[in-house]
>>> print(open('structure_29.csv').read())   # CSV, N, CA and C atoms
chain,number,residue,atom,x,y,z
A,1,MET,N,107.8,93.0,105.3
A,1,MET,CA,109.1,92.9,104.7
A,1,MET,C,109.2,93.9,103.6
A,2,SER,N,110.2,94.7,103.6
A,2,SER,CA,110.3,95.7,102.5
A,2,SER,C,111.7,95.6,101.9
A,3,LYS,N,111.7,95.6,100.6
A,3,LYS,CA,112.9,95.6,99.8
A,3,LYS,C,112.9,96.8,98.9
A,4,GLU,N,114.1,97.4,98.7
A,4,GLU,CA,114.2,98.5,97.8
A,4,GLU,C,115.2,98.2,96.7
A,5,THR,N,115.0,98.5,95.5
A,5,THR,CA,115.9,98.4,94.4
A,5,THR,C,116.0,99.6,93.6
A,6,ASP,N,117.2,100.0,93.2
A,6,ASP,CA,117.3,101.1,92.3
A,6,ASP,C,117.6,100.6,90.9
A,7,LYS,N,116.9,101.1,89.9
A,7,LYS,CA,117.1,100.7,88.5
A,7,LYS,C,117.1,101.8,87.6
A,8,ARG,N,118.0,101.7,86.6
A,8,ARG,CA,118.0,102.7,85.5
A,8,ARG,C,117.1,102.3,84.5
A,9,THR,N,116.2,103.1,84.0
A,9,THR,CA,115.2,102.8,83.0
A,9,THR,C,115.3,103.8,81.9
A,10,ASP,N,114.4,103.7,80.9
A,10,ASP,CA,114.4,104.7,79.8
A,10,ASP,C,113.9,106.0,80.3
A,11,ILE,N,113.3,106.1,81.5
A,11,ILE,CA,112.8,107.4,82.0
A,11,ILE,C,113.7,107.9,83.1
A,12,GLY,N,114.8,107.3,83.3
A,12,GLY,CA,115.7,107.7,84.4
A,12,GLY,C,115.7,106.7,85.6
A,13,GLU,N,116.3,107.1,86.7
A,13,GLU,CA,116.4,106.3,87.8
A,13,GLU,C,115.0,106.1,88.5
A,14,VAL,N,114.7,104.8,88.8
A,14,VAL,CA,113.4,104.5,89.5
A,14,VAL,C,113.8,103.6,90.7
A,15,ILE,N,113.2,103.9,91.9
A,15,ILE,CA,113.3,103.1,93.1
A,15,ILE,C,112.0,102.3,93.2
A,16,PHE,N,112.2,101.0,93.4
A,16,PHE,CA,111.0,100.1,93.7
A,16,PHE,C,111.1,99.7,95.2
A,17,GLU,N,109.9,99.7,95.8
A,17,GLU,CA,109.8,99.2,97.2
A,17,GLU,C,108.7,98.2,97.2
A,18,PHE,N,109.0,97.1,97.9
A,18,PHE,CA,108.0,96.0,98.0
A,18,PHE,C,107.7,95.8,99.5
A,19,VAL,N,106.4,95.8,99.8
A,19,VAL,CA,105.9,95.6,101.1
A,19,VAL,C,104.8,94.4,101.1
A,20,ALA,N,105.1,93.4,101.8
A,20,ALA,CA,104.2,92.2,101.9
A,20,ALA,C,103.0,92.5,102.9
A,21,LEU,N,101.8,92.3,102.4
A,21,LEU,CA,100.6,92.5,103.2
A,21,LEU,C,99.7,91.3,103.0
A,22,ASP,N,99.8,90.4,104.0
A,22,ASP,CA,99.0,89.1,104.0
A,22,ASP,C,99.4,88.4,102.7
A,23,ALA,N,98.4,88.1,101.8
A,23,ALA,CA,98.7,87.4,100.6
A,23,ALA,C,99.0,88.3,99.4
A,24,SER,N,99.1,89.6,99.7
A,24,SER,CA,99.4,90.6,98.6
A,24,SER,C,100.7,91.3,98.8
A,25,VAL,N,101.1,92.0,97.8
A,25,VAL,CA,102.3,92.8,97.9
A,25,VAL,C,102.0,94.2,97.3
A,26,LYS,N,102.4,95.2,98.1
A,26,LYS,CA,102.3,96.6,97.6
A,26,LYS,C,103.7,96.9,97.0
A,27,VAL,N,103.6,97.4,95.7
A,27,VAL,CA,104.8,97.8,95.1
A,27,VAL,C,104.7,99.3,94.8
A,28,SER,N,105.7,100.0,95.3
A,28,SER,CA,105.8,101.5,95.0
A,28,SER,C,106.9,101.7,94.0
A,29,ALA,N,106.7,102.6,93.1
A,29,ALA,CA,107.8,103.0,92.1
A,29,ALA,C,107.9,104.5,92.2
A,30,ILE,N,109.2,104.9,92.5
A,30,ILE,CA,109.5,106.3,92.7
A,30,ILE,C,110.4,106.8,91.6
A,31,HIS,N,110.0,107.8,90.8
A,31,HIS,CA,110.8,108.3,89.8
A,31,HIS,C,111.7,109.4,90.5
A,32,VAL,N,113.0,109.1,90.6
A,32,VAL,CA,113.9,109.9,91.3
A,32,VAL,C,114.0,111.4,90.8
A,33,PRO,N,114.1,111.6,89.5
A,33,PRO,CA,114.3,113.0,89.0
A,33,PRO,C,113.1,113.9,89.4
A,34,THR,N,111.9,113.4,89.4
A,34,THR,CA,110.7,114.2,89.6
A,34,THR,C,110.0,113.9,91.0
A,35,GLN,N,110.5,112.9,91.7
A,35,GLN,CA,110.0,112.5,93.0
A,35,GLN,C,108.5,112.1,92.9
A,36,THR,N,108.1,111.6,91.7
A,36,THR,CA,106.8,111.1,91.4
A,36,THR,C,106.7,109.7,91.9
A,37,GLU,N,105.6,109.3,92.7
A,37,GLU,CA,105.5,108.0,93.2
A,37,GLU,C,104.1,107.4,92.8
A,38,VAL,N,104.1,106.1,92.5
A,38,VAL,CA,102.9,105.4,92.2
A,38,VAL,C,103.0,104.1,93.0
A,39,SER,N,101.8,103.5,93.2
A,39,SER,CA,101.7,102.2,93.9
A,39,SER,C,100.8,101.3,93.2
A,40,ILE,N,101.1,100.0,93.3
A,40,ILE,CA,100.2,99.0,92.8
A,40,ILE,C,100.1,97.9,93.8
A,41,MET,N,99.0,97.0,93.8
A,41,MET,CA,98.9,95.9,94.6
A,41,MET,C,98.9,94.6,93.7
A,42,GLY,N,99.5,93.6,94.2
A,42,GLY,CA,99.5,92.3,93.4
A,42,GLY,C,99.6,91.1,94.3
A,43,PRO,N,99.3,89.9,93.8
A,43,PRO,CA,99.4,88.7,94.6
A,43,PRO,C,100.8,88.4,95.0
A,44,GLU,N,101.0,87.9,96.2
A,44,GLU,CA,102.3,87.6,96.7
A,44,GLU,C,103.0,86.5,95.8
A,45,SER,N,102.2,85.7,95.1
A,45,SER,CA,102.7,84.6,94.3
A,45,SER,C,103.2,85.1,92.9
A,46,ALA,N,102.9,86.4,92.5
A,46,ALA,CA,103.3,86.9,91.2
A,46,ALA,C,104.9,87.1,91.2
A,47,PRO,N,105.4,86.9,90.0
A,47,PRO,CA,106.9,87.1,89.9
A,47,PRO,C,107.2,88.5,90.1
A,48,ARG,N,108.3,88.8,90.8
A,48,ARG,CA,108.8,90.1,91.1
A,48,ARG,C,108.9,91.0,89.9
A,49,ILE,N,109.5,90.4,88.8
A,49,ILE,CA,109.6,91.2,87.6
A,49,ILE,C,108.3,91.7,87.0
A,50,ALA,N,107.3,90.8,87.1
A,50,ALA,CA,105.9,91.2,86.6
A,50,ALA,C,105.4,92.4,87.4
A,51,LEU,N,105.6,92.4,88.7
A,51,LEU,CA,105.1,93.5,89.6
A,51,LEU,C,105.9,94.7,89.2
A,52,GLU,N,107.2,94.6,89.0
A,52,GLU,CA,108.0,95.8,88.7
A,52,GLU,C,107.5,96.4,87.4
A,53,ARG,N,107.3,95.5,86.4
A,53,ARG,CA,106.9,96.0,85.0
A,53,ARG,C,105.5,96.7,85.1
A,54,THR,N,104.6,96.2,85.9
A,54,THR,CA,103.3,96.8,86.1
A,54,THR,C,103.4,98.2,86.8
A,55,ALA,N,104.2,98.3,87.8
A,55,ALA,CA,104.4,99.5,88.5
A,55,ALA,C,105.1,100.5,87.6
A,56,LEU,N,106.1,100.1,86.8
A,56,LEU,CA,106.8,101.0,85.9
A,56,LEU,C,105.8,101.5,84.8
A,57,ALA,N,104.9,100.6,84.3
A,57,ALA,CA,104.0,101.1,83.3
A,57,ALA,C,103.1,102.1,83.9
A,58,LYS,N,102.6,102.0,85.1
A,58,LYS,CA,101.8,103.0,85.7
A,58,LYS,C,102.5,104.3,85.9
A,59,LEU,N,103.8,104.2,86.3
A,59,LEU,CA,104.6,105.4,86.5
A,59,LEU,C,104.8,106.1,85.2
A,60,ARG,N,105.1,105.4,84.1
A,60,ARG,CA,105.2,106.0,82.8
A,60,ARG,C,103.9,106.7,82.4
A,61,TYR,N,102.8,106.1,82.7
A,61,TYR,CA,101.4,106.7,82.4
A,61,TYR,C,101.3,108.0,83.2
A,62,VAL,N,101.6,108.0,84.4
A,62,VAL,CA,101.4,109.2,85.3
A,62,VAL,C,102.3,110.3,84.8
A,63,LEU,N,103.6,110.0,84.5
A,63,LEU,CA,104.5,111.0,84.0
A,63,LEU,C,104.1,111.6,82.7
A,64,LYS,N,103.6,110.7,81.8
A,64,LYS,CA,103.1,111.2,80.5
A,64,LYS,C,101.9,112.2,80.7
A,65,LYS,N,101.0,111.8,81.6
A,65,LYS,CA,99.8,112.6,81.9
A,65,LYS,C,100.2,113.9,82.5
A,66,LYS,N,101.2,113.9,83.4
A,66,LYS,CA,101.7,115.1,84.0
A,66,LYS,C,102.3,116.1,83.0
A,67,SER,N,103.0,115.5,82.0
A,67,SER,CA,103.7,116.3,81.0
A,67,SER,C,102.7,117.0,80.0
A,68,THR,N,101.5,116.4,79.9
A,68,THR,CA,100.6,117.1,79.0
A,68,THR,C,100.0,118.3,79.6
A,69,GLY,N,100.0,118.4,80.9
A,69,GLY,CA,99.5,119.6,81.7
A,69,GLY,C,98.1,119.9,81.5
A,70,PRO,N,97.6,121.0,82.0
A,70,PRO,CA,96.2,121.4,81.9
A,70,PRO,C,95.9,121.7,80.5
A,71,GLY,N,94.7,121.3,80.1
A,71,GLY,CA,94.2,121.4,78.8
A,71,GLY,C,94.6,120.3,77.8
A,72,GLY,N,95.4,119.4,78.4
A,72,GLY,CA,95.8,118.3,77.5
A,72,GLY,C,94.7,117.2,77.5
A,73,PRO,N,95.0,116.1,76.8
A,73,PRO,CA,94.0,115.0,76.8
A,73,PRO,C,93.7,114.5,78.2
A,74,GLY,N,92.5,114.1,78.4
A,74,GLY,CA,92.1,113.6,79.7
A,74,GLY,C,90.6,113.7,79.9
A,75,ILE,N,90.2,113.4,81.1
A,75,ILE,CA,88.7,113.4,81.4
A,75,ILE,C,88.4,114.7,82.0
A,76,VAL,N,87.3,115.3,81.5
A,76,VAL,CA,86.9,116.6,82.1
A,76,VAL,C,85.7,116.3,82.9
A,77,CYS,N,85.7,116.8,84.2
A,77,CYS,CA,84.6,116.6,85.1
A,77,CYS,C,83.8,117.9,85.3
>>> encode(input="structure_29.csv", output="structure tokens")
Amino acid sequence: MSKETDKRTDIGEVIFEFVALDASVKVSAIHVPTQTEVSIMGPESAPRIALERTALAKLRYVLKKKSTGPGGPGIVC
């Protein structure tokens, strides 16, 4: 089962997609302006808002990391 919701956030429009997988849920968050997508997995019993907040936090992290670009803070391998 998949549900999509559009939400306006402080970073712009974000689309959330929920896909049930056995006792888990995969939540994808897509940042519309940059087409950046992240995914998280959570328990099916978790409140939807908690899953959205977690996916949004990961999306913010990825967008911030992308904005620092090469030579910015991060792990050097």
>>> residues_around(input="structure_29.csv", residues="Thr36 (chain A)", least_positions_apart="6", cutoff="8 Å", atoms="only C-alpha atoms", output="PyMOL selection string")
chain A and resi 30+59+63
>>> atom_distance(input="structure_29.csv", atom1="atom C of Thr34 (chain A)", atom2="atom C of Val14 (chain A)")
11.0 Å
>>> residues_around(input="structure_29.csv", residues="Lys26 (chain A)", least_positions_apart="6", cutoff="8 Å", atoms="all atoms listed in the file", output="list in words")
Glu17, Phe18, Val19, Ala20, Ser39, Ile40, Met41, Gly42, Pro43 and Glu44 of chain A
>>> select_by_dssp(input="structure_29.csv", residues="region 8-75 of chain A", states="alpha helix (DSSP H)", output="ChimeraX atom specification")
/A:48-68
>>> atom_distance(input="structure_29.csv", atom1="CA of Ser24 (chain A)", atom2="CA of Arg48 (chain A)")
12.0 Å
>>> atom_distance(input="structure_29.csv", atom1="CA of Ala55 (chain A)", atom2="CA of Ala29 (chain A)")
6.1 Å
>>> closest_residue(input="structure_29.csv", among="A:Lys58, A:Val25, A:Asp10, A:Arg53", to="Glu37 (chain A)", atoms="all atoms listed in the file")
A:Lys58
>>> closest_residue(input="structure_29.csv", among="A:Val27, A:Glu13, A:Val32, A:Asp22", to="Thr54 (chain A)", atoms="only C-alpha atoms")
A:Val27
>>> select_by_dssp(input="structure_29.csv", residues="region 10-72 of chain A", states="strand (DSSP E)", output="ChimeraX atom specification")
/A:12-21,24-31,36-43
